[in-house]
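Student: This is coords.cif, which holds mmCIF, N, CA and C atoms and all ligand atoms:
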```
data_final
loop_
_atom_site.label_atom_id
_atom_site.label_comp_id
_atom_site.auth_asym_id
_atom_site.auth_seq_id
_atom_site.Cartn_x
_atom_site.Cartn_y
_atom_site.Cartn_z
N MET A 15 8.22 5.36 -9.14
CA MET A 15 7.08 5.92 -9.86
C MET A 15 5.90 4.98 -9.80
N HIS A 16 4.73 5.55 -9.91
CA HIS A 16 3.51 4.76 -9.96
C HIS A 16 3.06 4.67 -11.41
N TYR A 17 2.93 3.45 -11.91
CA TYR A 17 2.49 3.25 -13.29
C TYR A 17 1.16 2.52 -13.31
N THR A 18 0.33 2.87 -14.29
CA THR A 18 -0.93 2.16 -14.50
C THR A 18 -1.00 1.72 -15.96
N GLY A 19 -1.70 0.62 -16.20
CA GLY A 19 -1.82 0.13 -17.56
C GLY A 19 -3.04 -0.74 -17.71
N HIS A 20 -3.35 -1.04 -18.96
CA HIS A 20 -4.51 -1.90 -19.23
C HIS A 20 -4.40 -2.48 -20.63
N CYS A 21 -5.17 -3.56 -20.86
CA CYS A 21 -5.27 -4.12 -22.20
C CYS A 21 -6.10 -3.16 -23.07
N HIS A 22 -6.42 -3.54 -24.29
CA HIS A 22 -7.15 -2.60 -25.16
C HIS A 22 -8.59 -2.39 -24.72
N CYS A 23 -9.27 -3.46 -24.32
CA CYS A 23 -10.69 -3.34 -23.98
C CYS A 23 -10.91 -2.92 -22.53
N GLY A 24 -9.89 -3.00 -21.70
CA GLY A 24 -10.01 -2.57 -20.31
C GLY A 24 -10.42 -3.65 -19.33
N ALA A 25 -10.57 -4.89 -19.79
CA ALA A 25 -10.94 -5.97 -18.88
C ALA A 25 -9.78 -6.34 -17.95
N VAL A 26 -8.57 -6.08 -18.40
CA VAL A 26 -7.37 -6.36 -17.60
C VAL A 26 -6.69 -5.03 -17.29
N THR A 27 -6.66 -4.63 -16.03
CA THR A 27 -5.98 -3.41 -15.63
C THR A 27 -4.97 -3.76 -14.54
N PHE A 28 -3.92 -2.95 -14.45
CA PHE A 28 -2.89 -3.23 -13.46
C PHE A 28 -2.17 -1.95 -13.09
N ALA A 29 -1.47 -2.01 -11.97
CA ALA A 29 -0.67 -0.88 -11.50
C ALA A 29 0.53 -1.44 -10.76
N PHE A 30 1.61 -0.67 -10.75
CA PHE A 30 2.81 -1.11 -10.03
C PHE A 30 3.69 0.08 -9.72
N GLU A 31 4.61 -0.14 -8.80
CA GLU A 31 5.62 0.86 -8.44
C GLU A 31 6.95 0.38 -8.99
N SER A 32 7.71 1.30 -9.58
CA SER A 32 9.03 0.92 -10.08
C SER A 32 9.89 2.16 -10.24
N GLU A 33 11.14 1.91 -10.60
CA GLU A 33 12.02 2.97 -11.04
C GLU A 33 11.43 3.59 -12.31
N PRO A 34 11.82 4.84 -12.67
CA PRO A 34 11.32 5.43 -13.91
C PRO A 34 11.73 4.60 -15.12
N ILE A 35 10.81 4.44 -16.07
CA ILE A 35 11.09 3.65 -17.27
C ILE A 35 11.75 4.55 -18.31
N GLN A 36 12.99 4.26 -18.63
CA GLN A 36 13.73 5.10 -19.58
C GLN A 36 14.19 4.32 -20.80
N ALA A 37 14.03 3.00 -20.76
CA ALA A 37 14.40 2.14 -21.89
C ALA A 37 13.58 0.87 -21.81
N GLY A 38 13.51 0.16 -22.92
CA GLY A 38 12.76 -1.08 -22.96
C GLY A 38 13.62 -2.24 -23.36
N LEU A 39 12.97 -3.38 -23.53
CA LEU A 39 13.65 -4.62 -23.88
C LEU A 39 12.77 -5.36 -24.89
N ARG A 40 13.39 -5.81 -25.95
CA ARG A 40 12.67 -6.67 -26.89
C ARG A 40 13.40 -7.99 -26.94
N CYS A 41 12.63 -9.07 -27.09
CA CYS A 41 13.19 -10.42 -27.04
C CYS A 41 13.04 -11.08 -28.40
N LYS A 42 14.04 -11.90 -28.76
CA LYS A 42 14.06 -12.55 -30.07
C LYS A 42 13.57 -13.98 -30.03
N CYS A 43 12.94 -14.41 -28.96
CA CYS A 43 12.46 -15.80 -28.94
C CYS A 43 11.31 -15.96 -29.94
N SER A 44 10.93 -17.18 -30.19
CA SER A 44 9.94 -17.46 -31.24
C SER A 44 8.59 -16.83 -30.95
N LEU A 45 8.24 -16.65 -29.68
CA LEU A 45 6.96 -16.03 -29.33
C LEU A 45 7.06 -14.51 -29.39
N CYS A 46 8.10 -13.95 -28.78
CA CYS A 46 8.23 -12.49 -28.71
C CYS A 46 8.44 -11.88 -30.09
N GLU A 47 9.13 -12.59 -30.99
CA GLU A 47 9.29 -12.08 -32.35
C GLU A 47 7.92 -11.88 -33.00
N ARG A 48 7.00 -12.77 -32.69
CA ARG A 48 5.66 -12.67 -33.28
C ARG A 48 4.84 -11.56 -32.64
N LYS A 49 5.05 -11.33 -31.34
CA LYS A 49 4.27 -10.29 -30.65
C LYS A 49 4.81 -8.90 -30.91
N GLY A 50 6.14 -8.78 -30.96
CA GLY A 50 6.75 -7.49 -31.29
C GLY A 50 6.62 -6.43 -30.22
N ALA A 51 6.37 -6.78 -28.98
CA ALA A 51 6.16 -5.80 -27.92
C ALA A 51 7.49 -5.35 -27.33
N THR A 52 7.52 -4.11 -26.84
CA THR A 52 8.65 -3.61 -26.07
C THR A 52 8.29 -3.74 -24.59
N MET A 53 9.11 -4.49 -23.86
CA MET A 53 8.82 -4.81 -22.47
C MET A 53 9.68 -3.98 -21.53
N THR A 54 9.31 -3.95 -20.25
CA THR A 54 10.18 -3.31 -19.27
C THR A 54 11.49 -4.10 -19.19
N ALA A 55 12.59 -3.39 -19.04
CA ALA A 55 13.89 -4.04 -18.92
C ALA A 55 14.05 -4.69 -17.55
N PHE A 56 13.26 -4.24 -16.59
CA PHE A 56 13.28 -4.81 -15.24
C PHE A 56 12.01 -5.64 -15.03
N THR A 57 12.01 -6.43 -13.97
CA THR A 57 10.79 -7.14 -13.61
C THR A 57 10.18 -6.49 -12.38
N VAL A 58 8.87 -6.66 -12.24
CA VAL A 58 8.10 -6.08 -11.14
C VAL A 58 7.77 -7.20 -10.15
N ALA A 59 8.10 -6.98 -8.90
CA ALA A 59 7.84 -8.00 -7.87
C ALA A 59 6.34 -8.11 -7.61
N PRO A 60 5.86 -9.31 -7.30
CA PRO A 60 4.41 -9.48 -7.06
C PRO A 60 3.90 -8.60 -5.92
N ALA A 61 4.74 -8.26 -4.96
CA ALA A 61 4.30 -7.45 -3.82
C ALA A 61 3.89 -6.03 -4.23
N VAL A 62 4.41 -5.53 -5.36
CA VAL A 62 4.09 -4.16 -5.78
C VAL A 62 3.28 -4.15 -7.08
N PHE A 63 2.75 -5.31 -7.46
CA PHE A 63 1.96 -5.42 -8.70
C PHE A 63 0.51 -5.66 -8.33
N LYS A 64 -0.37 -4.73 -8.74
CA LYS A 64 -1.79 -4.85 -8.40
C LYS A 64 -2.57 -5.12 -9.69
N LEU A 65 -3.24 -6.25 -9.74
CA LEU A 65 -3.93 -6.69 -10.96
C LEU A 65 -5.44 -6.74 -10.72
N THR A 66 -6.21 -6.22 -11.69
CA THR A 66 -7.66 -6.30 -11.63
C THR A 66 -8.17 -6.88 -12.95
N VAL A 67 -8.94 -7.96 -12.86
CA VAL A 67 -9.46 -8.63 -14.05
C VAL A 67 -10.97 -8.73 -13.93
N THR A 68 -11.69 -8.32 -14.98
CA THR A 68 -13.14 -8.49 -14.98
C THR A 68 -13.51 -9.58 -15.98
N ASP A 69 -14.62 -10.24 -15.73
CA ASP A 69 -15.18 -11.25 -16.64
C ASP A 69 -14.21 -12.39 -16.94
N ASP A 70 -13.36 -12.72 -15.98
CA ASP A 70 -12.44 -13.85 -16.18
C ASP A 70 -11.67 -13.72 -17.50
N ALA A 71 -11.26 -12.50 -17.83
CA ALA A 71 -10.70 -12.22 -19.16
C ALA A 71 -9.24 -12.61 -19.32
N LEU A 72 -8.55 -12.89 -18.23
CA LEU A 72 -7.11 -13.13 -18.35
C LEU A 72 -6.81 -14.60 -18.62
N ALA A 73 -6.15 -14.86 -19.73
CA ALA A 73 -5.73 -16.22 -20.07
C ALA A 73 -4.21 -16.23 -20.20
N HIS A 74 -3.63 -17.42 -20.26
CA HIS A 74 -2.18 -17.48 -20.40
C HIS A 74 -1.77 -18.58 -21.36
N TYR A 75 -0.53 -18.47 -21.79
CA TYR A 75 0.05 -19.42 -22.74
C TYR A 75 1.46 -19.76 -22.27
N ARG A 76 1.79 -21.03 -22.33
CA ARG A 76 3.14 -21.48 -21.99
C ARG A 76 3.66 -22.35 -23.13
N PHE A 77 4.96 -22.33 -23.30
CA PHE A 77 5.57 -23.21 -24.31
C PHE A 77 6.97 -23.56 -23.85
N GLY A 78 7.64 -24.40 -24.62
CA GLY A 78 9.01 -24.79 -24.28
C GLY A 78 9.04 -25.54 -22.95
N ASP A 79 9.85 -25.05 -22.01
CA ASP A 79 9.97 -25.75 -20.73
C ASP A 79 8.85 -25.37 -19.76
N LEU A 80 7.91 -24.55 -20.20
CA LEU A 80 6.68 -24.21 -19.46
C LEU A 80 6.94 -23.41 -18.19
N THR A 81 8.09 -22.77 -18.05
CA THR A 81 8.34 -21.98 -16.84
C THR A 81 7.89 -20.53 -17.01
N ALA A 82 7.97 -19.99 -18.21
CA ALA A 82 7.48 -18.62 -18.44
C ALA A 82 5.98 -18.68 -18.70
N THR A 83 5.25 -17.65 -18.21
CA THR A 83 3.81 -17.58 -18.41
C THR A 83 3.48 -16.28 -19.14
N HIS A 84 2.92 -16.41 -20.32
CA HIS A 84 2.59 -15.25 -21.16
C HIS A 84 1.09 -15.02 -21.09
N PHE A 85 0.70 -13.87 -20.57
CA PHE A 85 -0.72 -13.58 -20.35
C PHE A 85 -1.30 -12.78 -21.51
N PHE A 86 -2.60 -12.99 -21.75
CA PHE A 86 -3.30 -12.19 -22.76
C PHE A 86 -4.76 -12.06 -22.37
N CYS A 87 -5.40 -11.02 -22.90
CA CYS A 87 -6.81 -10.79 -22.63
C CYS A 87 -7.66 -11.60 -23.60
N LYS A 88 -8.61 -12.37 -23.08
CA LYS A 88 -9.45 -13.20 -23.91
C LYS A 88 -10.41 -12.38 -24.78
N ARG A 89 -10.68 -11.13 -24.35
CA ARG A 89 -11.62 -10.31 -25.13
C ARG A 89 -10.94 -9.58 -26.26
N CYS A 90 -9.80 -8.93 -25.99
CA CYS A 90 -9.18 -8.09 -27.03
C CYS A 90 -7.87 -8.66 -27.56
N GLY A 91 -7.34 -9.70 -26.94
CA GLY A 91 -6.14 -10.36 -27.46
C GLY A 91 -4.83 -9.71 -27.07
N ILE A 92 -4.90 -8.61 -26.35
CA ILE A 92 -3.66 -7.88 -26.04
C ILE A 92 -2.87 -8.60 -24.93
N TYR A 93 -1.57 -8.52 -25.07
CA TYR A 93 -0.59 -9.14 -24.17
C TYR A 93 -0.05 -8.07 -23.21
N PRO A 94 -0.55 -7.98 -21.98
CA PRO A 94 -0.15 -6.89 -21.09
C PRO A 94 1.14 -7.15 -20.31
N PHE A 95 1.46 -8.41 -20.05
CA PHE A 95 2.65 -8.74 -19.25
C PHE A 95 2.91 -10.23 -19.32
N HIS A 96 4.09 -10.64 -18.88
CA HIS A 96 4.37 -12.06 -18.71
C HIS A 96 5.21 -12.26 -17.46
N GLN A 97 5.31 -13.50 -17.05
CA GLN A 97 6.19 -13.88 -15.95
C GLN A 97 7.35 -14.66 -16.57
N PRO A 98 8.57 -14.09 -16.50
CA PRO A 98 9.70 -14.70 -17.22
C PRO A 98 10.20 -15.98 -16.56
N ALA A 99 10.83 -16.82 -17.36
CA ALA A 99 11.35 -18.09 -16.85
C ALA A 99 12.38 -17.86 -15.75
N SER A 100 13.16 -16.78 -15.87
CA SER A 100 14.23 -16.53 -14.88
C SER A 100 13.67 -16.08 -13.54
N GLN A 101 12.46 -15.45 -13.54
CA GLN A 101 11.84 -14.98 -12.29
C GLN A 101 10.34 -15.23 -12.39
N PRO A 102 9.93 -16.49 -12.26
CA PRO A 102 8.53 -16.85 -12.56
C PRO A 102 7.48 -16.26 -11.63
N ASP A 103 7.90 -15.63 -10.52
CA ASP A 103 6.93 -14.96 -9.66
C ASP A 103 6.74 -13.48 -10.02
N SER A 104 7.65 -12.94 -10.81
CA SER A 104 7.64 -11.51 -11.11
C SER A 104 7.05 -11.26 -12.50
N TYR A 105 6.88 -9.98 -12.81
CA TYR A 105 6.21 -9.60 -14.05
C TYR A 105 7.10 -8.70 -14.89
N ARG A 106 7.14 -8.96 -16.18
CA ARG A 106 7.74 -8.04 -17.13
C ARG A 106 6.57 -7.44 -17.91
N ILE A 107 6.54 -6.12 -17.99
CA ILE A 107 5.34 -5.41 -18.44
C ILE A 107 5.48 -4.95 -19.89
N ASN A 108 4.41 -5.06 -20.66
CA ASN A 108 4.34 -4.53 -22.01
C ASN A 108 4.20 -3.01 -21.91
N ILE A 109 5.25 -2.28 -22.26
CA ILE A 109 5.25 -0.82 -22.10
C ILE A 109 4.15 -0.18 -22.94
N GLY A 110 3.78 -0.80 -24.04
CA GLY A 110 2.70 -0.28 -24.88
C GLY A 110 1.36 -0.23 -24.18
N CYS A 111 1.20 -0.94 -23.07
CA CYS A 111 -0.06 -0.94 -22.32
C CYS A 111 -0.09 0.12 -21.22
N LEU A 112 1.02 0.84 -21.02
CA LEU A 112 1.10 1.78 -19.91
C LEU A 112 0.53 3.15 -20.29
N ASP A 113 -0.08 3.82 -19.30
CA ASP A 113 -0.67 5.14 -19.53
C ASP A 113 0.37 6.26 -19.52
N GLN A 114 1.48 6.06 -18.83
CA GLN A 114 2.43 7.16 -18.59
C GLN A 114 3.60 7.18 -19.58
N VAL A 115 3.74 6.16 -20.42
CA VAL A 115 4.91 6.02 -21.28
C VAL A 115 4.46 5.67 -22.69
N ASN A 116 5.17 6.21 -23.68
CA ASN A 116 4.93 5.82 -25.06
C ASN A 116 6.07 4.91 -25.51
N ALA A 117 5.76 3.64 -25.72
CA ALA A 117 6.81 2.66 -26.03
C ALA A 117 7.59 3.04 -27.28
N SER A 118 6.94 3.68 -28.24
CA SER A 118 7.61 4.01 -29.50
C SER A 118 8.67 5.09 -29.33
N ASP A 119 8.62 5.83 -28.23
CA ASP A 119 9.59 6.90 -27.98
C ASP A 119 10.83 6.41 -27.24
N LEU A 120 10.83 5.15 -26.79
CA LEU A 120 11.91 4.67 -25.94
C LEU A 120 12.96 3.89 -26.73
N PRO A 121 14.23 4.03 -26.37
CA PRO A 121 15.22 3.10 -26.90
C PRO A 121 15.00 1.72 -26.27
N PHE A 122 15.53 0.70 -26.91
CA PHE A 122 15.37 -0.63 -26.32
C PHE A 122 16.59 -1.49 -26.63
N GLU A 123 16.86 -2.40 -25.72
CA GLU A 123 17.87 -3.42 -25.97
C GLU A 123 17.18 -4.67 -26.49
N VAL A 124 17.97 -5.52 -27.13
CA VAL A 124 17.43 -6.77 -27.66
C VAL A 124 18.02 -7.93 -26.88
N TYR A 125 17.14 -8.76 -26.37
CA TYR A 125 17.54 -9.94 -25.61
C TYR A 125 17.41 -11.16 -26.51
N ASP A 126 18.47 -11.94 -26.62
CA ASP A 126 18.45 -13.06 -27.54
C ASP A 126 17.86 -14.31 -26.90
N GLY A 127 16.54 -14.24 -26.62
CA GLY A 127 15.86 -15.39 -26.04
C GLY A 127 15.87 -16.60 -26.95
N ALA A 128 16.06 -16.39 -28.25
CA ALA A 128 16.07 -17.50 -29.20
C ALA A 128 17.27 -18.41 -28.99
N ALA A 129 18.31 -17.87 -28.35
CA ALA A 129 19.54 -18.65 -28.14
C ALA A 129 19.43 -19.54 -26.90
N LEU A 130 18.37 -19.37 -26.13
CA LEU A 130 18.22 -20.19 -24.93
C LEU A 130 17.78 -21.60 -25.30
N PRO A 131 18.11 -22.58 -24.49
CA PRO A 131 17.69 -23.95 -24.80
C PRO A 131 16.16 -24.09 -24.73
ZN ZN B 201 -8.84 -6.75 -23.16
#
```
Turn this file's structure into structure tokens for me.

Tutor:
Amino acid sequence: MHYTGHCHCGAVTFAFESEPIQAGLRCKCSLCERKGATMTAFTVAPAVFKLTVTDDALAHYRFGDLTATHFFCKRCGIYPFHQPASQPDSYRINIGCLDQVNASDLPFEVYDGAALP
């Protein structure tokens, strides 16, 4: 499927190809608990991820061992995706930012990121 998404203000837009999204993933790490987003259960390879940023709006945050990269829009503060520590070249997408899916309608699994070192 072809999915499109964007942050709240539209400065960060993206598109990717993937399997149909039928469930999400929520993480219990100290950062994700605060964000509360439902993410894709799969990751998106960089080869099929198309990102467009205007006004240099995309910033990132790292913590812990600094391998995961959590992106956010500098204008509206929304977190559209991150690059997970397990696959630092790929993207896990915030389903709430997608045009084709309503994150609140999806079941989700919980990943215990808090238990990681
Ligand atoms: Zn924005």

Student: Return as JSON, numbers by chain the residues of protein, DNA or RNA that approach ligand ZN 201 (chain B) to within 8 Å, with all atoms listed in the file taken into account.

Tutor: {"A": [20, 21, 22, 23, 24, 25, 26, 27, 71, 72, 86, 87, 88, 89, 90, 91, 92, 93]}

Student: Could you check which of A:Pro94, A:Gly78, A:Pro34, A:Pro60 is closest to Asn108 of chain A, using only N, CA and C atoms?

Tutor: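 That would be A:Pro94, the residue with the smallest distance to Asn108 of chain A.
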
Student: Rounded to one decimal place, report the atom CA of Val58 of chain A-atom CA of Asp70 of chain A distance in Å.

Tutor: 22.5 Å

Student: Just want the 8 Å neighbourhood of Thr52 of chain A, counted on only N, CA and C atoms, with same-chain residues fewer than 6 positions away dropped. Output as a compact mmCIF listing (two decimals) with N, CA and C atoms, in the coordinates of the input.

Tutor:
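So selection-v9.txt came out as:
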```
# COMPACT_ATOMS: atom_id res chain seq x y z
N ALA A 37 14.03 3.00 -20.76
CA ALA A 37 14.40 2.14 -21.89
C ALA A 37 13.58 0.87 -21.81
N GLY A 38 13.51 0.16 -22.92
CA GLY A 38 12.76 -1.08 -22.96
C GLY A 38 13.62 -2.24 -23.36
N LEU A 39 12.97 -3.38 -23.53
CA LEU A 39 13.65 -4.62 -23.88
C LEU A 39 12.77 -5.36 -24.89
N ARG A 40 13.39 -5.81 -25.95
CA ARG A 40 12.67 -6.67 -26.89
C ARG A 40 13.40 -7.99 -26.94
N CYS A 41 12.63 -9.07 -27.09
CA CYS A 41 13.19 -10.42 -27.04
C CYS A 41 13.04 -11.08 -28.40
N ARG A 106 7.14 -8.96 -16.18
CA ARG A 106 7.74 -8.04 -17.13
C ARG A 106 6.57 -7.44 -17.91
N ILE A 107 6.54 -6.12 -17.99
CA ILE A 107 5.34 -5.41 -18.44
C ILE A 107 5.48 -4.95 -19.89
N ASN A 108 4.41 -5.06 -20.66
CA ASN A 108 4.34 -4.53 -22.01
C ASN A 108 4.20 -3.01 -21.91
N ILE A 109 5.25 -2.28 -22.26
CA ILE A 109 5.25 -0.82 -22.10
C ILE A 109 4.15 -0.18 -22.94
N GLY A 110 3.78 -0.80 -24.04
CA GLY A 110 2.70 -0.28 -24.88
C GLY A 110 1.36 -0.23 -24.18
N CYS A 111 1.20 -0.94 -23.07
CA CYS A 111 -0.06 -0.94 -22.32
C CYS A 111 -0.09 0.12 -21.22
N ALA A 117 5.76 3.64 -25.72
CA ALA A 117 6.81 2.66 -26.03
C ALA A 117 7.59 3.04 -27.28
N SER A 118 6.94 3.68 -28.24
CA SER A 118 7.61 4.01 -29.50
C SER A 118 8.67 5.09 -29.33
N PHE A 122 15.53 0.70 -26.91
CA PHE A 122 15.37 -0.63 -26.32
C PHE A 122 16.59 -1.49 -26.63
```

Student: With all atoms of segment 91-104 of chain A from the file as input, state the centre and edge lengths in Å to one decimal of the axis-aligned box that has 5 Å extra on each side, as lines of an AutoDock Vina configuration file.

Tutor:
```
center_x = 3.4
center_y = -12.5
center_z = -18.6
size_x = 31.6
size_y = 21.2
size_z = 27.8
```
